[in-house]
Number of protein chains: 2
Amino acid sequence: MDDRRIPEATVARLPRYLQVLLDAAEAGTTTLSSEDLATAAGLTSAKVRKDLSFLGSHGTRGVGYRVPQLADEISVALGLTVDRPLVIVGIGNLGRALASYDGFNRRGFRVVGLLDADPAKVGTEVAGLDVESVEHLETIVAERGVGLAVIATPAPHAQSLADRLVAAGIGALLNFAPTHLVVPDPVALRTVDLSTELQILSFYEQGVTGMDAAAG
Amino acid sequence: MDDRRIPEATVARLPRYLQVLLDAAEAGTTTLSSEDLATAAGLTSAKVRKDLSFLGSHGTRGVGYRVPQLADEISVALGLTVDRPLVIVGIGNLGRALASYDGFNRRGFRVVGLLDADPAKVGTEVAGLDVESVEHLETIVAERGVGLAVIATPAPHAQSLADRLVAAGIGALLNFAPTHLVVPDPVALRTVDLSTELQILSFYEQGVTGMDAAAG
DNA sequence: CGTTGTGAAGGAGTTCACAGCA
DNA sequence: TGCTGTGAACTCCTTCACAACG
């Protein structure tokens with residue numbers, strides 16, 4: 001039953017499995033049990049088996065999963081076997097860091113455009129690419145077959161840029177602006193808010209530090 | 001019943017509410033209904049009410065929530081009313097960006113140390129701070145009362161740094177290295193893997209782009 | 001024999017719907 | 001009258017436990 005219905009929680013874990021499998025492959029390991037995978041990924045073996053069962057993947061009972069084969073299956077499921085050109089909009093501190101970031105130029109991903117609204121930045125070189133004017137966004141997306149965009153602008157500009165990107169035909173958005181974006185239905189959106197992450201940690205840190213000799 | 005047992009999912013949304021409330025306060029709004037909050041945060045009103053009920057917060061029936069009061073309550077719950085010195089370990093592209101990042105120097109957070117293992121980087125100035133040697137990690141954490149650390153190093157160094165940070169007394173870790181870290185029980189850990197985010201989007205983008213005139 | 005694949009049970013989070021109160 | 005606060009139903013995810021099988 002190739003159901004194409006993989007639960008969200010499972011999809012979010014597939015990259016982790018892939019990571020472990022690629023590391024194992026590099027180390028020359030040919031087989032991993034669900035228990036091995038679970039240990040390396042910080043999960044339980046039951047969760048691993050259930051997740052992988054959604055891929056229609058078949059391990060071998062008594063043995064485990066064949067590393068290169070499973071890595072391929074996950075890559076295919078995630079769509080990492082095709083070229084995925086992406087643009088980064090907003091070349092501030094974060095945008096610059098992302099442009100040079102390893103993970104943004106691997107696994108099929110390829111940064112093909114850096115856009116900014118500031119004329120002083122346009123024309124400067126960042127990570128081997130010339131920064132271009134955001135005015136040309138629509139042309140760039142269309143001509144370079146861009147399907148994925150990263151928004152790293154200040155919050156006030158994020159929504160209108162998202163609208164333009166969607167209208168230009170983008171299929172997925174990774175948003176780093178600390179604001180809630182609205183996109184139409186088939187477009188995928190994920191927001192990473194660094195300040196939010198800190199605040200969540202702050203909550204859980206309460207009671208951990210600062211009270212030496214607690215429960216004395 | 002001030003239960004102190006706030007569900008994880010709720011905690012993860014509190015920063016968003018706070019964001020909306022602070023924006024509203026700045027705009028001079030004094031009252032917001034759960035419906036207003038839901039719209040601004042991209043949620044449902046029932047979820048907002050249930051979340052806020054965990055704070056023991058009381059809105060006013062027929063009216064809504066008082067903006068400044070609720071903002072204060074959330075700030076207190078998240079522990080944002082006390083000073084939270086933090087260090088960033090690993091001053092590469094990402095570490096540099098985070099050091100200058102707004103959200104890392106607000107809401108009680110304060111970057112008080114930038115550490116790196118590379119002698120060439122030590123002594124250089126980044127975002128108004130001198131980069132220090134990671135050898136002094138333990139001293140810095142202890143002397144500056146650091147409770148929170150950000151790891152922005154390559155994956156292979158992350159675990160041993162986490163161990164040292166925990167031993168030095170840190171209470172919470174924000175990890176940007178693409179690897180699974182293990183920390184002992186009371187220490188809070190969140191991992192943000194940018195490459196993982198892209199891969200998840202890649203999955204959901206499949207079928208959205210590239211097939212013009214689908215279901216024709 | 002050891003490990004997978006999976007029904008069934010359990011738990012967490014969300015949504016519903018409405019009683020209760022300003 | 002309008003909006004909050006919340007039990008109850010529902011959905012999604014995780015964990016358990018074991019039969020199936022190489």
# chains A, B, ... in the order shown; residues from 1 in each chain; ligands from 1

$ select_by_dssp --residues "chain A" --states "alpha helix (DSSP H)" --output "PyMOL selection string"
chain A and resi 8-26+34-41+45-53+67-78+93-100+137-143+155-167+194-205

$ interface_residues --of "chain B" --to "chain D" --cutoff "9 Å" --atoms "only C-alpha atoms (C1' of nucleotides)" --output "PyMOL selection string"
chain B and resi 33-34+49-50+53+58-64

$ write_last_selection --atoms "C-alpha atoms" --output "PDB file, in the first residue's frame"
ATOM      1  CA  SER B  33     -10.260  38.638  22.662  1.00  0.00           C
ATOM      2  CA  SER B  34      -9.147  35.039  22.201  1.00  0.00           C
ATOM      3  CA  ARG B  49      -8.240  30.045  25.596  1.00  0.00           C
ATOM      4  CA  LYS B  50      -7.076  26.622  26.681  1.00  0.00           C
ATOM      5  CA  SER B  53      -6.075  28.893  31.099  1.00  0.00           C
ATOM      6  CA  HIS B  58      -8.150  35.213  33.926  1.00  0.00           C
ATOM      7  CA  GLY B  59      -9.583  37.171  31.076  1.00  0.00           C
ATOM      8  CA  THR B  60     -12.833  39.014  31.438  1.00  0.00           C
ATOM      9  CA  ARG B  61     -15.960  37.353  30.067  1.00  0.00           C
ATOM     10  CA  GLY B  62     -17.683  39.481  27.534  1.00  0.00           C
ATOM     11  CA  VAL B  63     -14.528  41.548  27.047  1.00  0.00           C
ATOM     12  CA  GLY B  64     -11.298  39.641  26.506  1.00  0.00           C
TER      13      GLY B  64
END

$ closest_atom_pairs --of "chain C" --to "chain B" --cutoff "10 Å" --atoms "only C-alpha atoms (C1' of nucleotides)" --output "JSON lines"
{"residue": "C:DA12", "atom": "C1'", "partner": "B:Pro7", "partner_atom": "CA", "distance": 8.7}
{"residue": "C:DG13", "atom": "C1'", "partner": "B:Ala9", "partner_atom": "CA", "distance": 7.5}
{"residue": "C:DT14", "atom": "C1'", "partner": "B:Lys47", "partner_atom": "CA", "distance": 7.4}
{"residue": "C:DT15", "atom": "C1'", "partner": "B:Ala46", "partner_atom": "CA", "distance": 7.5}
{"residue": "C:DC16", "atom": "C1'", "partner": "B:Ala46", "partner_atom": "CA", "distance": 9.0}
{"residue": "C:DG20", "atom": "C1'", "partner": "B:Arg61", "partner_atom": "CA", "distance": 9.3}
{"residue": "C:DC21", "atom": "C1'", "partner": "B:Arg61", "partner_atom": "CA", "distance": 6.4}
{"residue": "C:DA22", "atom": "C1'", "partner": "B:Arg61", "partner_atom": "CA", "distance": 5.5}

$ interface_residues --of "chain A" --to "chain B" --cutoff "7 Å" --atoms "only C-alpha atoms" --output "PyMOL selection string"
chain A and resi 11-12+15+41-42+77-79+93-94+97+103-104+147+171-172+180+186-188+195-196+199-206+208-209

$ atom_distance --atom1 "atom CA of A:Val82" --atom2 "atom CA of A:Thr31"
25.9 Å

$ atom_distance --atom1 "atom CA of B:Ala117" --atom2 "atom CA of B:Glu132"
8.5 Å

$ select_by_dssp --residues "stretch 94-183 of chain B" --states "strand (DSSP E or B)" --output "list in words"
Phe109, Arg110, Val111, Val112, Gly113, Leu114, Leu115, Asp116, Glu125, Val126, Leu129, Asp130, Val131, Glu132, Ser133, Leu148, Ala149, Val150, Ile151, Ala172, Leu173, Leu174 and Asn175 of chain B

$ closest_residue --among "B:Ala38, B:Gly123, B:Val48, B:Val89" --to "B:Ser160" --atoms "only C-alpha atoms"
B:Val89

$ atom_distance --atom1 "atom CA of A:Pro184" --atom2 "atom CA of A:Ile151"
16.6 Å

$ closest_residue --among "B:Ala158, B:Leu137, B:Ala71, B:Val166" --to "B:Val87" --atoms "only C-alpha atoms"
B:Leu137
